[in-house]
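Visitor: The structure file entry38.cif (mmCIF, C-alpha atoms and all ligand atoms) is provided below.
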```cif
data_coords
#
loop_
_atom_site.label_atom_id
_atom_site.label_comp_id
_atom_site.auth_asym_id
_atom_site.auth_seq_id
_atom_site.Cartn_x
_atom_site.Cartn_y
_atom_site.Cartn_z
CA MET F 1 -6.75 -24.41 -13.59
CA PHE F 2 -5.90 -23.00 -10.18
CA GLY F 3 -8.58 -21.97 -7.73
CA GLU F 4 -9.27 -18.42 -6.55
CA CYS F 5 -8.10 -18.19 -2.93
CA HIS F 6 -9.35 -14.64 -2.28
CA ALA F 7 -12.56 -13.35 -3.86
CA HIS F 8 -15.55 -11.21 -2.91
CA ILE F 9 -18.46 -12.40 -4.97
CA PHE F 10 -20.69 -9.53 -3.90
CA MET F 11 -18.38 -6.99 -5.56
CA ASN F 12 -18.17 -6.55 -9.31
CA GLY F 13 -14.65 -5.28 -10.04
CA ARG F 14 -15.99 -1.80 -10.83
CA SER F 15 -17.73 -0.03 -8.01
CA TYR F 16 -18.31 -0.85 -4.37
CA LYS F 17 -21.32 1.48 -4.25
CA GLU F 18 -22.92 -0.27 -7.20
CA ALA F 19 -22.40 -3.64 -5.49
CA VAL F 20 -24.06 -2.46 -2.29
CA GLU F 21 -27.02 -1.04 -4.24
CA ARG F 22 -27.42 -4.38 -5.96
CA HIS F 23 -27.53 -6.52 -2.85
CA LYS F 24 -28.53 -4.33 0.09
CA ASN F 25 -32.23 -5.16 -0.06
CA GLY F 26 -31.66 -8.87 -0.49
CA VAL F 27 -29.16 -10.95 -2.42
CA ASP F 28 -29.42 -10.49 -6.19
CA GLN F 29 -29.46 -14.22 -6.88
CA GLN F 30 -29.18 -13.83 -10.65
CA ALA F 31 -25.97 -11.83 -10.30
CA VAL F 32 -24.46 -14.51 -8.06
CA LYS F 33 -25.49 -17.30 -10.43
CA GLU F 34 -24.03 -15.43 -13.39
CA CYS F 35 -20.74 -14.97 -11.54
CA LEU F 36 -20.54 -18.65 -10.59
CA ARG F 37 -21.34 -19.60 -14.18
CA GLN F 38 -18.40 -17.46 -15.33
CA TYR F 39 -16.07 -19.21 -12.90
CA ARG F 40 -17.30 -22.61 -13.98
CA ASP F 41 -16.89 -21.75 -17.65
CA ALA F 42 -13.35 -20.54 -16.96
CA GLY F 43 -12.58 -23.94 -15.40
CA ILE F 44 -12.17 -22.53 -11.90
CA SER F 45 -13.53 -25.06 -9.42
CA PHE F 46 -12.28 -23.76 -6.09
CA ILE F 47 -13.10 -20.40 -4.50
CA ARG F 48 -12.23 -19.10 -1.06
CA GLU F 49 -14.19 -15.97 -0.16
CA GLY F 50 -13.43 -12.94 1.95
CA GLY F 51 -17.09 -12.47 2.90
CA ASP F 52 -19.55 -9.58 2.96
CA ARG F 53 -22.30 -8.34 5.23
CA TYR F 54 -25.24 -8.80 2.85
CA GLY F 55 -25.39 -12.61 2.79
CA VAL F 56 -24.10 -12.79 -0.78
CA SER F 57 -21.13 -14.96 0.07
CA SER F 58 -23.18 -17.47 2.06
CA TYR F 59 -25.80 -17.67 -0.70
CA ALA F 60 -23.02 -18.38 -3.20
CA ALA F 61 -21.61 -21.07 -0.92
CA LYS F 62 -25.04 -22.74 -0.78
CA ILE F 63 -25.47 -23.01 -4.55
CA ALA F 64 -21.85 -23.36 -5.70
CA LYS F 65 -22.05 -27.15 -5.76
CA ASP F 66 -24.56 -26.88 -8.62
CA TYR F 67 -21.74 -25.29 -10.61
CA GLY F 68 -19.18 -27.89 -9.62
CA ILE F 69 -17.40 -25.37 -7.41
CA ASP F 70 -15.87 -26.11 -4.01
CA TYR F 71 -16.72 -22.85 -2.24
CA ARG F 72 -15.38 -21.80 1.15
CA SER F 73 -16.91 -18.84 2.92
CA PRO F 74 -16.43 -17.01 6.23
CA VAL F 75 -19.98 -15.60 5.64
CA PHE F 76 -18.83 -12.15 6.82
CA ALA F 77 -15.47 -10.69 7.82
CA ILE F 78 -14.96 -9.39 11.36
CA HIS F 79 -13.28 -6.12 12.32
CA LYS F 80 -12.78 -4.10 15.47
CA LYS F 81 -15.10 -1.14 15.95
CA GLY F 82 -13.49 2.00 14.55
CA CYS F 83 -11.03 0.04 12.40
CA TYR F 84 -11.10 -0.89 8.72
CA GLY F 85 -13.53 -3.58 7.61
CA GLY F 86 -17.04 -2.14 7.53
CA ILE F 87 -17.29 -2.72 3.80
CA VAL F 88 -17.18 -6.51 4.11
CA GLY F 89 -18.15 -7.35 7.63
CA LEU F 90 -19.42 -6.96 11.14
CA GLU F 91 -17.74 -5.26 14.06
CA TYR F 92 -16.90 -6.21 17.63
CA GLU F 93 -15.85 -4.10 20.55
CA THR F 94 -14.98 -6.60 23.27
CA LEU F 95 -13.65 -10.15 23.14
CA SER F 96 -17.01 -11.48 24.21
CA ASP F 97 -18.65 -9.62 21.28
CA PHE F 98 -16.07 -11.28 19.08
CA SER F 99 -16.96 -14.74 20.43
CA VAL F 100 -20.62 -14.04 19.70
CA LEU F 101 -19.75 -13.19 16.08
CA VAL F 102 -17.70 -16.37 15.72
CA LYS F 103 -20.72 -18.36 16.94
CA LYS F 104 -22.97 -16.47 14.53
CA ALA F 105 -20.62 -17.28 11.65
CA ALA F 106 -20.68 -20.93 12.73
CA GLU F 107 -24.48 -20.99 12.81
CA GLU F 108 -24.59 -19.46 9.36
CA GLY F 109 -22.33 -22.17 7.98
CA ALA F 110 -18.93 -20.48 7.89
CA ASP F 111 -16.01 -22.67 6.82
CA PHE F 112 -13.43 -20.41 8.52
CA ILE F 113 -13.15 -16.96 10.10
CA LYS F 114 -11.87 -13.85 8.34
CA ILE F 115 -10.52 -11.05 10.54
CA MET F 116 -9.19 -7.60 9.71
CA PHE F 117 -5.97 -7.11 11.68
CA ALA F 118 -4.87 -3.88 10.00
CA GLY F 119 -5.85 -1.28 7.43
CA LEU F 120 -5.37 -0.90 3.70
CA LEU F 121 -2.39 0.00 1.59
CA ASP F 122 -2.54 3.72 0.80
CA PHE F 123 -2.08 3.64 -2.98
CA ASP F 124 -1.09 7.32 -2.96
CA VAL F 125 1.73 7.04 -0.44
CA TYR F 126 4.39 4.37 -0.63
CA GLY F 127 5.00 2.81 2.79
CA ARG F 128 1.73 3.93 4.33
CA VAL F 129 -0.95 1.61 5.71
CA THR F 130 -4.25 3.22 6.74
CA GLY F 131 -5.49 3.05 10.33
CA THR F 132 -3.77 1.20 13.16
CA ALA F 133 -3.19 -2.51 13.50
CA LEU F 134 -4.59 -4.51 16.41
CA SER F 135 -2.24 -5.09 19.32
CA PHE F 136 -0.28 -8.32 19.52
CA SER F 137 -2.21 -9.46 22.60
CA GLU F 138 -5.55 -8.84 20.90
CA MET F 139 -4.49 -10.76 17.79
CA LYS F 140 -3.48 -13.71 19.97
CA GLU F 141 -6.82 -13.72 21.79
CA LEU F 142 -8.84 -13.57 18.58
CA VAL F 143 -6.92 -16.36 16.85
CA HIS F 144 -7.19 -18.47 19.98
CA ILE F 145 -10.98 -18.06 20.11
CA CYS F 146 -11.31 -19.12 16.45
CA HIS F 147 -9.03 -22.13 16.81
CA GLU F 148 -10.95 -23.26 19.91
CA GLU F 149 -14.09 -23.28 17.76
CA GLY F 150 -12.36 -25.39 15.12
CA PHE F 151 -11.92 -22.56 12.64
CA ALA F 152 -8.85 -21.55 10.66
CA VAL F 153 -8.24 -17.80 10.45
CA MET F 154 -7.82 -15.77 7.27
CA VAL F 155 -6.17 -12.50 8.23
CA HIS F 156 -6.36 -9.23 6.27
CA ILE F 157 -3.16 -7.41 7.13
CA ASN F 158 -0.42 -5.05 5.96
CA GLY F 159 2.77 -3.74 7.55
CA ALA F 160 5.87 -5.64 8.68
CA GLU F 161 5.37 -5.45 12.43
CA ALA F 162 1.66 -6.27 12.20
CA VAL F 163 2.35 -9.27 9.99
CA ARG F 164 5.03 -10.49 12.38
CA ASN F 165 2.56 -10.30 15.26
CA ALA F 166 -0.12 -12.06 13.25
CA LEU F 167 2.27 -14.87 12.37
CA ILE F 168 3.28 -15.39 15.99
CA SER F 169 -0.41 -15.29 16.94
CA GLY F 170 -0.98 -18.34 14.77
CA ALA F 171 -2.92 -16.83 11.84
CA ASP F 172 -3.50 -19.53 9.23
CA SER F 173 -3.25 -17.26 6.20
CA ILE F 174 -1.90 -13.79 5.57
CA GLU F 175 -3.91 -11.81 3.00
CA HIS F 176 -2.14 -8.95 1.20
CA GLY F 177 0.78 -8.67 3.66
CA GLY F 178 2.27 -5.52 2.19
CA TYR F 179 5.71 -4.28 3.29
CA MET F 180 6.96 -7.49 4.82
CA THR F 181 10.69 -7.77 5.43
CA ASP F 182 12.90 -10.84 5.25
CA GLU F 183 12.14 -11.56 8.87
CA GLU F 184 8.39 -12.03 8.27
CA LEU F 185 8.96 -13.95 5.06
CA SER F 186 11.40 -16.34 6.75
CA ARG F 187 9.08 -16.77 9.70
CA MET F 188 6.20 -17.54 7.37
CA ALA F 189 8.29 -20.19 5.64
CA ARG F 190 9.22 -21.77 8.99
CA LEU F 191 5.64 -21.76 10.28
CA GLY F 192 4.07 -22.95 7.03
CA THR F 193 1.61 -20.04 7.05
CA ILE F 194 -0.16 -19.47 3.76
CA TRP F 195 0.42 -16.14 2.01
CA VAL F 196 -1.98 -14.67 -0.55
CA PRO F 197 -0.15 -11.59 -1.89
CA THR F 198 -3.07 -10.20 -4.00
CA VAL F 199 -0.90 -8.12 -6.34
CA SER F 200 -3.79 -7.41 -8.74
CA PRO F 201 -5.63 -4.67 -6.78
CA VAL F 202 -2.51 -2.49 -6.93
CA GLY F 203 -0.86 -3.85 -10.09
CA ASN F 204 -4.01 -3.32 -12.14
CA LEU F 205 -4.09 0.35 -11.09
CA ARG F 206 -0.95 1.05 -13.10
CA GLY F 207 -1.66 3.48 -15.89
CA THR F 208 -5.21 4.24 -14.73
CA GLY F 209 -4.35 7.59 -13.14
CA ARG F 210 -6.65 6.86 -10.21
CA PHE F 211 -3.80 7.17 -7.71
CA ASP F 212 -0.29 8.55 -7.64
CA GLU F 213 1.41 6.58 -10.42
CA ALA F 214 4.85 6.55 -8.79
CA ALA F 215 3.41 5.18 -5.55
CA VAL F 216 1.39 2.53 -7.41
CA GLU F 217 4.52 1.46 -9.31
CA ALA F 218 6.60 1.32 -6.15
CA ILE F 219 4.00 -0.68 -4.19
CA THR F 220 3.62 -3.17 -7.04
CA ALA F 221 7.38 -3.58 -7.29
CA MET F 222 7.67 -4.05 -3.51
CA GLN F 223 5.06 -6.79 -3.46
CA LEU F 224 6.51 -8.56 -6.51
CA ALA F 225 10.00 -8.47 -4.95
CA ASN F 226 8.56 -10.00 -1.77
CA VAL F 227 6.80 -12.74 -3.72
CA LYS F 228 10.08 -13.53 -5.45
CA ARG F 229 11.86 -13.71 -2.09
CA ALA F 230 9.02 -15.80 -0.61
CA LEU F 231 9.28 -18.32 -3.43
CA ALA F 232 13.03 -18.61 -2.81
CA LEU F 233 12.47 -19.11 0.93
CA GLY F 234 9.83 -21.80 0.44
CA VAL F 235 6.78 -19.83 1.63
CA SER F 236 3.38 -21.39 0.83
CA VAL F 237 2.30 -18.73 -1.66
CA ALA F 238 -1.31 -19.18 -2.81
CA LEU F 239 -3.09 -17.65 -5.78
CA GLY F 240 -5.76 -15.13 -4.89
CA SER F 241 -6.58 -11.91 -6.70
CA ASP F 242 -9.08 -10.15 -4.38
CA ALA F 243 -11.52 -10.61 -7.28
CA GLY F 244 -14.38 -8.15 -7.07
CA ALA F 245 -12.15 -5.29 -5.88
CA VAL F 246 -12.02 -2.27 -8.18
CA GLY F 247 -9.97 -3.11 -11.28
CA VAL F 248 -10.03 -6.84 -10.49
CA PRO F 249 -12.91 -8.52 -12.34
CA HIS F 250 -13.99 -12.04 -11.41
CA CYS F 251 -12.18 -14.77 -13.37
CA SER F 252 -9.90 -12.49 -15.40
CA GLY F 253 -8.56 -11.15 -12.08
CA LEU F 254 -7.23 -14.61 -11.33
CA MET F 255 -5.48 -14.70 -14.71
CA ASP F 256 -3.94 -11.29 -13.94
CA GLU F 257 -2.77 -12.54 -10.57
CA TYR F 258 -1.18 -15.59 -12.15
CA GLN F 259 0.76 -13.34 -14.54
CA TYR F 260 2.06 -11.28 -11.59
CA MET F 261 3.15 -14.46 -9.82
CA LEU F 262 4.87 -15.63 -12.99
CA GLU F 263 6.70 -12.33 -13.25
CA ALA F 264 7.84 -12.69 -9.63
CA ALA F 265 8.97 -16.24 -10.41
CA ASP F 266 11.10 -14.96 -13.30
CA GLY F 267 9.02 -17.06 -15.68
CA ASP F 268 9.77 -20.35 -13.91
CA LYS F 269 6.31 -21.77 -14.53
CA GLU F 270 7.15 -25.27 -13.41
CA MET F 271 8.37 -24.16 -9.99
CA LEU F 272 5.53 -21.66 -9.61
CA ASP F 273 2.82 -24.16 -10.50
CA ARG F 274 4.25 -26.65 -8.04
CA VAL F 275 4.18 -24.08 -5.21
CA LEU F 276 0.69 -22.78 -6.06
CA ALA F 277 -0.75 -26.29 -6.32
CA ALA F 278 0.73 -27.34 -2.97
CA SER F 279 -0.53 -24.15 -1.30
CA GLU F 280 -4.01 -24.56 -2.75
CA LYS F 281 -4.11 -28.08 -1.40
CA GLN F 282 -3.23 -26.73 2.04
CA VAL F 283 -5.90 -24.05 1.79
CA LYS F 284 -8.47 -26.72 0.96
CA GLU F 285 -7.41 -28.82 3.93
CA ARG F 286 -7.22 -26.05 6.47
CA PHE F 287 -10.03 -23.70 5.55
CA ARG F 288 -12.96 -25.84 6.54
CA ARG F 289 -14.31 -26.30 10.02
CA HIS F 290 -12.49 -28.96 11.98
ZN ZN M 1 -10.40 -8.95 0.03
#
```
Just give me the structure as structure tokens.
Ligand SMILES: [Zn+2]
Guide:
Amino acid sequence: MFGECHAHIFMNGRSYKEAVERHKNGVDQQAVKECLRQYRDAGISFIREGGDRYGVSSYAAKIAKDYGIDYRSPVFAIHKKGCYGGIVGLEYETLSDFSVLVKKAAEEGADFIKIMFAGLLDFDVYGRVTGTALSFSEMKELVHICHEEGFAVMVHINGAEAVRNALISGADSIEHGGYMTDEELSRMARLGTIWVPTVSPVGNLRGTGRFDEAAVEAITAMQLANVKRALALGVSVALGSDAGAVGVPHCSGLMDEYQYMLEAADGDKEMLDRVLAASEKQVKERFRRH
């Protein structure tokens, strides 16, 4: 069984509000244990987290060994003040604030750093990404600070230009990465950057009526076409579902994601499994503190 390379254990696949209520006055340890038990029972023994600001992720990382799970956590994600990211992390305003947060993550046992470089896909409007992406120079500074501290960087990002800048900045993994063009995909292949396409959060919206159906269809098709192209170009595509996000339950979300990857691979399971296994191995090697 493949590992889950992008999960948020504090979320429950249904409602963000409900998740916050559950953990805001202290980690609901039973809920975390139950979730880890589910992963163990599904045969999933590797999880890389996206973090949260309630300490749920770091609690999970502490006890995951008891469930036979290799668990990698950034503790919390980091975003720039005024930009997307408040739901899973802490904010910085200046580069020195950012350095302080990286040190805090280190003290709290982070295995790597997660940074929000851009906003979310707007599921109602094809082609639109919410908010504005960080500037190229800022991305470079942030990645540099993390690497100096021995941390790999997991980057939440969407939009072709933003992804291109993130790749040149030396990001270790691209999460989501909506609307990439051939240029970014080829660059990713050349650099050996890991890509976690997380098709499930949009693909699983199909038929739910929660957003504009035509936009949801088009975004899903765009991402699947890019995964197909990435596989052809030799990109290190890794399996991660964004488990915990609305419509993406823990464990079954990973199965959904695998089906999307298989669709993008035109059913070539052998090739797909080889790529996913090699990428997971790289994630395991890189996403721990060096
Ligand atoms: Zn996420």
Visitor: I'd like to know which of F:Asp182, F:Met255, F:Ile63, F:Thr193 is closest to Gly170 in chain F, using only C-alpha atoms.
Guide: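 Checking each of F:Asp182, F:Met255, F:Ile63, F:Thr193 against Gly170 in chain F, counting only C-alpha atoms, the winner is F:Thr193.
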Visitor: List every residue of chain F that has an atom at most 12 Å from any atom of ligand ZN 1 (chain M), giving for each one its closest atom pair and the distance in Å to one decimal, counting all atoms listed in the file, sorted by chain and then by ascending residue number, as CSV.
Guide:
```
residue,atom,partner,partner_atom,distance
F:Glu4,CA,M:ZN1,ZN,11.6
F:Cys5,CA,M:ZN1,ZN,10.0
F:His6,CA,M:ZN1,ZN,6.2
F:Ala7,CA,M:ZN1,ZN,6.3
F:His8,CA,M:ZN1,ZN,6.3
F:Ile9,CA,M:ZN1,ZN,10.1
F:Phe10,CA,M:ZN1,ZN,11.0
F:Met11,CA,M:ZN1,ZN,9.9
F:Gly13,CA,M:ZN1,ZN,11.5
F:Arg48,CA,M:ZN1,ZN,10.4
F:Glu49,CA,M:ZN1,ZN,8.0
F:Gly50,CA,M:ZN1,ZN,5.4
F:Gly51,CA,M:ZN1,ZN,8.1
F:Asp52,CA,M:ZN1,ZN,9.6
F:Pro74,CA,M:ZN1,ZN,11.8
F:Phe76,CA,M:ZN1,ZN,11.3
F:Ala77,CA,M:ZN1,ZN,9.5
F:Tyr84,CA,M:ZN1,ZN,11.9
F:Gly85,CA,M:ZN1,ZN,9.8
F:Ile87,CA,M:ZN1,ZN,10.0
F:Val88,CA,M:ZN1,ZN,8.3
F:Gly89,CA,M:ZN1,ZN,11.0
F:Lys114,CA,M:ZN1,ZN,9.8
F:Ile115,CA,M:ZN1,ZN,10.7
F:Met116,CA,M:ZN1,ZN,9.8
F:Gly119,CA,M:ZN1,ZN,11.6
F:Leu120,CA,M:ZN1,ZN,10.2
F:Met154,CA,M:ZN1,ZN,10.3
F:Val155,CA,M:ZN1,ZN,9.9
F:His156,CA,M:ZN1,ZN,7.4
F:Ile157,CA,M:ZN1,ZN,10.3
F:Ile174,CA,M:ZN1,ZN,11.2
F:Glu175,CA,M:ZN1,ZN,7.7
F:His176,CA,M:ZN1,ZN,8.3
F:Gly177,CA,M:ZN1,ZN,11.8
F:Val196,CA,M:ZN1,ZN,10.2
F:Pro197,CA,M:ZN1,ZN,10.8
F:Thr198,CA,M:ZN1,ZN,8.5
F:Val199,CA,M:ZN1,ZN,11.5
F:Ser200,CA,M:ZN1,ZN,11.1
F:Pro201,CA,M:ZN1,ZN,9.4
F:Gly240,CA,M:ZN1,ZN,9.2
F:Ser241,CA,M:ZN1,ZN,8.3
F:Asp242,CA,M:ZN1,ZN,4.8
F:Ala243,CA,M:ZN1,ZN,7.6
F:Gly244,CA,M:ZN1,ZN,8.2
F:Ala245,CA,M:ZN1,ZN,7.2
F:Val246,CA,M:ZN1,ZN,10.7
F:Val248,CA,M:ZN1,ZN,10.7
```
Visitor: Quick one: residues within 12 Å of Leu142 in chain F, only C-alpha atoms counted, chain neighbours fewer than 6 positions away excluded, as a PyMOL selection string?
Guide: chain F and resi 78-80+92-102+113-117+134-136+148-149+151-155+166+169-171
Visitor: Limited to C-alpha atoms, could you put the picked residues into a file as a PDB file, in the frame of the given file?
Guide:
```pdb
ATOM      1  CA  ILE F  78     -14.960  -9.390  11.360  1.00  0.00           C
ATOM      2  CA  HIS F  79     -13.280  -6.120  12.320  1.00  0.00           C
ATOM      3  CA  LYS F  80     -12.780  -4.100  15.470  1.00  0.00           C
ATOM      4  CA  TYR F  92     -16.900  -6.210  17.630  1.00  0.00           C
ATOM      5  CA  GLU F  93     -15.850  -4.100  20.550  1.00  0.00           C
ATOM      6  CA  THR F  94     -14.980  -6.600  23.270  1.00  0.00           C
ATOM      7  CA  LEU F  95     -13.650 -10.150  23.140  1.00  0.00           C
ATOM      8  CA  SER F  96     -17.010 -11.480  24.210  1.00  0.00           C
ATOM      9  CA  ASP F  97     -18.650  -9.620  21.280  1.00  0.00           C
ATOM     10  CA  PHE F  98     -16.070 -11.280  19.080  1.00  0.00           C
ATOM     11  CA  SER F  99     -16.960 -14.740  20.430  1.00  0.00           C
ATOM     12  CA  VAL F 100     -20.620 -14.040  19.700  1.00  0.00           C
ATOM     13  CA  LEU F 101     -19.750 -13.190  16.080  1.00  0.00           C
ATOM     14  CA  VAL F 102     -17.700 -16.370  15.720  1.00  0.00           C
ATOM     15  CA  ILE F 113     -13.150 -16.960  10.100  1.00  0.00           C
ATOM     16  CA  LYS F 114     -11.870 -13.850   8.340  1.00  0.00           C
ATOM     17  CA  ILE F 115     -10.520 -11.050  10.540  1.00  0.00           C
ATOM     18  CA  MET F 116      -9.190  -7.600   9.710  1.00  0.00           C
ATOM     19  CA  PHE F 117      -5.970  -7.110  11.680  1.00  0.00           C
ATOM     20  CA  LEU F 134      -4.590  -4.510  16.410  1.00  0.00           C
ATOM     21  CA  SER F 135      -2.240  -5.090  19.320  1.00  0.00           C
ATOM     22  CA  PHE F 136      -0.280  -8.320  19.520  1.00  0.00           C
ATOM     23  CA  GLU F 148     -10.950 -23.260  19.910  1.00  0.00           C
ATOM     24  CA  GLU F 149     -14.090 -23.280  17.760  1.00  0.00           C
ATOM     25  CA  PHE F 151     -11.920 -22.560  12.640  1.00  0.00           C
ATOM     26  CA  ALA F 152      -8.850 -21.550  10.660  1.00  0.00           C
ATOM     27  CA  VAL F 153      -8.240 -17.800  10.450  1.00  0.00           C
ATOM     28  CA  MET F 154      -7.820 -15.770   7.270  1.00  0.00           C
ATOM     29  CA  VAL F 155      -6.170 -12.500   8.230  1.00  0.00           C
ATOM     30  CA  ALA F 166      -0.120 -12.060  13.250  1.00  0.00           C
ATOM     31  CA  SER F 169      -0.410 -15.290  16.940  1.00  0.00           C
ATOM     32  CA  GLY F 170      -0.980 -18.340  14.770  1.00  0.00           C
ATOM     33  CA  ALA F 171      -2.920 -16.830  11.840  1.00  0.00           C
TER      34      ALA F 171
END
```
Visitor: Please return as a ChimeraX atom specification every residue within 12 Å of (9.7, -10.8, 0.0), taking into account all atoms listed in the file and the file's own coordinates.
Guide: /F:160,177-189,195,197,221-235,237,264-265
Visitor: Can you work out the spacing between CA of Ala110 in chain F and CA of Gly150 in chain F in Å, to one decimal?
Guide: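 Computing the Euclidean distance for CA of Ala110 in chain F and CA of Gly150 in chain F yields 10.9 Å.
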Visitor: Can you pull out the residues contacting Gln282 in chain F? Cut-off 10 Å, using only C-alpha atoms, and skip same-chain residues under 6 positions away; I want them as a list in words.
Guide: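 The residues that qualify are Gly192, Thr193, Ile194, Ser236, Ala238 and Leu276 of chain F.
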Visitor: Go ahead and save the residues from that selection, with C-alpha atoms, as a PDB file, in the frame of the given file.
Guide:
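Writing the result to selection38.pdb gives the following:
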```pdb
ATOM      1  CA  GLY F 192       4.070 -22.950   7.030  1.00  0.00           C
ATOM      2  CA  THR F 193       1.610 -20.040   7.050  1.00  0.00           C
ATOM      3  CA  ILE F 194      -0.160 -19.470   3.760  1.00  0.00           C
ATOM      4  CA  SER F 236       3.380 -21.390   0.830  1.00  0.00           C
ATOM      5  CA  ALA F 238      -1.310 -19.180  -2.810  1.00  0.00           C
ATOM      6  CA  LEU F 276       0.690 -22.780  -6.060  1.00  0.00           C
TER       7      LEU F 276
END
```
Visitor: So the first atom is CA of Phe2 in chain F and the second is CA of Leu254 in chain F; what is the distance between them in Å, to one decimal place?
Guide: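 Here the two named atoms are 8.6 Å from each other.
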Visitor: Go ahead and compute the interatomic distance for CA of Arg286 in chain F and CA of Ala133 in chain F, in Å to one decimal.
Guide: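 Interatomic distance, CA of Arg286 in chain F to CA of Ala133 in chain F: 24.9 Å.
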Visitor: Write out as a list in words each polymer residue whose atoms come within 8 Å of Ala61 in chain F, counting all atoms listed in the file; drop sequence neighbours fewer than 5 positions from it.
Guide: Tyr71, Arg72 and Ser73 of chain F
Visitor: I need the residue nearest Tyr258 in chain F from this list: F:Leu191, F:Val163, F:Ala218, F:Leu272. Use only C-alpha atoms for the distance.
Guide: F:Leu272
Visitor: Using only C-alpha atoms for the distances, tell me which of F:Ile145, F:Val202, F:Val125, F:Val32 is nearest to Tyr260 in chain F.
Guide: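 Checking each candidate against Tyr260 in chain F, we get F:Val202 as the closest.
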Visitor: Identify, on the basis of only C-alpha atoms, every residue whose closest approach to Lys33 in chain F does not exceed 10 Å; exclude the query and any residue fewer than 5 positions from it along the same chain; express the result as an NGL selection string.
Guide: :F and (28 or 38-39 or 59-60 or 63-64 or 66-67)
Visitor: Could you write range 36-50 of chain F as an mmCIF file, keeping the file's coordinate frame, with N, CA and C atoms rebuilt where they are missing?
Guide:
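Writing the result to selection.cif gives the following:
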```
data_model
loop_
_atom_site.group_PDB
_atom_site.id
_atom_site.type_symbol
_atom_site.label_atom_id
_atom_site.label_comp_id
_atom_site.auth_asym_id
_atom_site.auth_seq_id
_atom_site.Cartn_x
_atom_site.Cartn_y
_atom_site.Cartn_z
ATOM 1 N N LEU F 36 -20.980 -17.264 -10.754
ATOM 2 C CA LEU F 36 -20.540 -18.650 -10.590
ATOM 3 C C LEU F 36 -20.444 -19.361 -11.939
ATOM 4 N N ARG F 37 -21.367 -19.018 -12.835
ATOM 5 C CA ARG F 37 -21.340 -19.600 -14.180
ATOM 6 C C ARG F 37 -20.030 -19.210 -14.884
ATOM 7 N N GLN F 38 -19.667 -17.939 -14.728
ATOM 8 C CA GLN F 38 -18.400 -17.460 -15.330
ATOM 9 C C GLN F 38 -17.210 -18.249 -14.808
ATOM 10 N N TYR F 39 -17.182 -18.451 -13.487
ATOM 11 C CA TYR F 39 -16.070 -19.210 -12.900
ATOM 12 C C TYR F 39 -16.055 -20.635 -13.447
ATOM 13 N N ARG F 40 -17.221 -21.243 -13.471
ATOM 14 C CA ARG F 40 -17.300 -22.610 -13.980
ATOM 15 C C ARG F 40 -16.805 -22.677 -15.417
ATOM 16 N N ASP F 41 -17.274 -21.742 -16.247
ATOM 17 C CA ASP F 41 -16.890 -21.750 -17.650
ATOM 18 C C ASP F 41 -15.392 -21.492 -17.849
ATOM 19 N N ALA F 42 -14.789 -20.802 -16.871
ATOM 20 C CA ALA F 42 -13.350 -20.540 -16.960
ATOM 21 C C ALA F 42 -12.545 -21.729 -16.402
ATOM 22 N N GLY F 43 -13.269 -22.754 -15.925
ATOM 23 C CA GLY F 43 -12.580 -23.940 -15.400
ATOM 24 C C GLY F 43 -12.064 -23.760 -13.979
ATOM 25 N N ILE F 44 -12.597 -22.781 -13.279
ATOM 26 C CA ILE F 44 -12.170 -22.530 -11.900
ATOM 27 C C ILE F 44 -13.132 -23.240 -10.951
ATOM 28 N N SER F 45 -12.621 -24.229 -10.215
ATOM 29 C CA SER F 45 -13.530 -25.060 -9.420
ATOM 30 C C SER F 45 -13.297 -24.952 -7.918
ATOM 31 N N PHE F 46 -12.471 -23.983 -7.532
ATOM 32 C CA PHE F 46 -12.280 -23.760 -6.090
ATOM 33 C C PHE F 46 -12.268 -22.257 -5.828
ATOM 34 N N ILE F 47 -13.066 -21.821 -4.863
ATOM 35 C CA ILE F 47 -13.100 -20.400 -4.500
ATOM 36 C C ILE F 47 -13.102 -20.279 -2.977
ATOM 37 N N ARG F 48 -12.180 -19.453 -2.486
ATOM 38 C CA ARG F 48 -12.230 -19.100 -1.060
ATOM 39 C C ARG F 48 -12.571 -17.616 -1.009
ATOM 40 N N GLU F 49 -13.579 -17.300 -0.248
ATOM 41 C CA GLU F 49 -14.190 -15.970 -0.160
ATOM 42 C C GLU F 49 -13.659 -15.138 0.986
ATOM 43 N N GLY F 50 -13.766 -13.845 0.847
ATOM 44 C CA GLY F 50 -13.430 -12.940 1.950
ATOM 45 C C GLY F 50 -14.671 -12.478 2.714
#
```
